[in-house]
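Take a look at the structure set out below.
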Amino acid sequence: MLYWESMKTLKAFLICLFLISAAPSFAAKKDSSVHDFYSRAQAAQQDGNWTEVIQNSKLVVTHYNDSPFAPDALFLLATAYYETEEFELANECFTEYLKKQTSPEAFEQAIRYKFEIARRFEDGARMHLMGWQYLPKWISAKDFAIDIYDEVIATLPRHELASEALFRKASLLSELEDFKPAIEAYQALIRRFPKNHRAPQSYIGIAKVYLKQCETEFKDPDFLDLAQINMDKFEADFPTEEHLLEAKGMLLTMKEKYAVELLETGQFYERTKKAQAAALYYHNIKTRYPETEAAAKAEKRLKTLSYSLPKQNS
């Protein structure tokens, strides 16, 4: 409780400090017109003077919000925040800018900036504590990147940018071990953009997710079945794709992991003198995972046991 009271006090102090420092800035320029402020912002952008862009664009947006210059000043402000790596503020400004835009070109340009902001967050750029520009950037923004990717996908659903956003969203979800939504995002990309260069990469991505799942979670047999279905679809859609071997290798690695678990169980029963149970497990490995190294070991153990399995009724 004491911590949050202290943070409130700090926040109030920062607000006062900002208002005190900002007031003279506008007062000193009160005789200037909105056109002057906007022109200065444009000139500063040409010179790469982002501090000046922010100062003059803010004056237009804050004090002349009904001006025809306000939307373009908001865009200048957003780009200046982007260039100074204040990505939270840039994203907020682009969001406000999109509410005021009807031009398809301007709309797409703002969405592209939002996509780049999401990429920067995905790559490790952090957010300010409590969302305050004056506090350190300590907060991971990967979840926020996913939200922005969703915004891009919803806004331009058939655009090339949406395919890239879907792929990056899926990859990031996989990294965060949010497996089911990751697979769904990859599958959405394949359905929506079947000829896109990201489609075969999405099949590979799904294979990686299933492999990761079987390494980090309980080895549900459904994972292996679903991985096989993914492999079959991949091969049907892209029979000459060079990365098919990579996907097949991951599927084999999964089968090996499942087979090794059965092998270890069979070895346990063999050590405890339960030959029938051991033989059943070894036989199961040979039947279900014949291409694995575990199957070769199971074959050797069956020969050592010399145990005949009961014949199955046909």
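The chains in the structure tokens are called A, B, ... from first to last as shown; in each chain the residues are counted from 1, and the ligands are counted from 1 in the order shown.
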
I'd like the neighbourhood of Ala41 (chain A) as a ChimeraX atom specification, where a residue qualifies if any of its atoms comes within 7 Å (using only C-alpha atoms), though same-chain residues fewer than 5 positions away should be ignored. /A:52-53,56-57

Expected answer as JSON, numbers by chain: helix (DSSP H, G or I) residues in region 56-123 of chain A: {"A": [56, 57, 58, 59, 60, 61, 62, 63, 70, 71, 72, 73, 74, 75, 76, 77, 78, 79, 80, 81, 82, 83, 87, 88, 89, 90, 91, 92, 93, 94, 95, 96, 97, 98, 99, 104, 105, 106, 107, 108, 109, 110, 111, 112, 113, 114, 115, 116, 117, 118, 119, 120, 121, 122]}

Point out the residue among A:Glu83, A:Ile139, A:Asp72, A:Ile206 with the least atom-to-atom distance to Ala106 (chain A), counting only C-alpha atoms. A:Asp72

Just to confirm, what's the straight-line distance from CA of Asp66 (chain A) to CA of Thr102 (chain A) in Å (one decimal)? 16.3 Å

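Residues with any atom within 12 Å of Glu217 (chain A), counting only C-alpha atoms and excluding same-chain neighbours fewer than 5 positions away, are Glu177, Asp178, Phe179, Val209, Tyr210, Leu211, Lys212 and Phe223 of chain A.
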
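Our summary of the geometry notes that CA of Ala73 (chain A) is positioned 22.7 Å from CA of Thr155 (chain A).
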
Residues near Lys286 (chain A), cut-off 10 Å, only C-alpha atoms, skip fewer than 5 positions along chain, as a ChimeraX atom specification: /A:259,281,291-292,294-299

Two-atom distance - CA of Glu164 (chain A), CA of Phe115 (chain A) (Å):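 We find that CA of Glu164 (chain A) and CA of Phe115 (chain A) lie 9.2 Å from each other.
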
Neighbour list for Leu305 (chain A) as a PyMOL selection string, cut-off 8 Å, only C-alpha atoms, skip fewer than 3 positions in-chain: chain A and resi 275+279+301-302

Residues from last step as file, N, CA and C atoms, as an mmCIF file, in the first residue's frame:
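Result saved to result_4.cif:
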data_model
loop_
_atom_site.group_PDB
_atom_site.id
_atom_site.type_symbol
_atom_site.label_atom_id
_atom_site.label_comp_id
_atom_site.auth_asym_id
_atom_site.auth_seq_id
_atom_site.Cartn_x
_atom_site.Cartn_y
_atom_site.Cartn_z
ATOM 1 N N ALA A 275 7.751 -60.329 -17.638
ATOM 2 C CA ALA A 275 8.120 -60.461 -19.046
ATOM 3 C C ALA A 275 6.953 -60.189 -19.993
ATOM 4 N N ALA A 279 7.086 -57.372 -22.830
ATOM 5 C CA ALA A 279 6.963 -57.747 -24.241
ATOM 6 C C ALA A 279 5.845 -56.963 -24.928
ATOM 7 N N ARG A 301 15.311 -56.549 -27.381
ATOM 8 C CA ARG A 301 14.834 -57.025 -26.091
ATOM 9 C C ARG A 301 13.817 -58.148 -26.255
ATOM 10 N N LEU A 302 12.992 -58.049 -27.296
ATOM 11 C CA LEU A 302 12.022 -59.116 -27.547
ATOM 12 C C LEU A 302 12.727 -60.428 -27.850
#

Excluding region 238-250 of chain A and residues on its chain fewer than 6 positions from it, collect all residues at most 12 Å away from it, counting only C-alpha atoms, and give them as a PyMOL selection string. chain A and resi 190+194-197+199-212+214-215+224+227-232+256-257+291-292
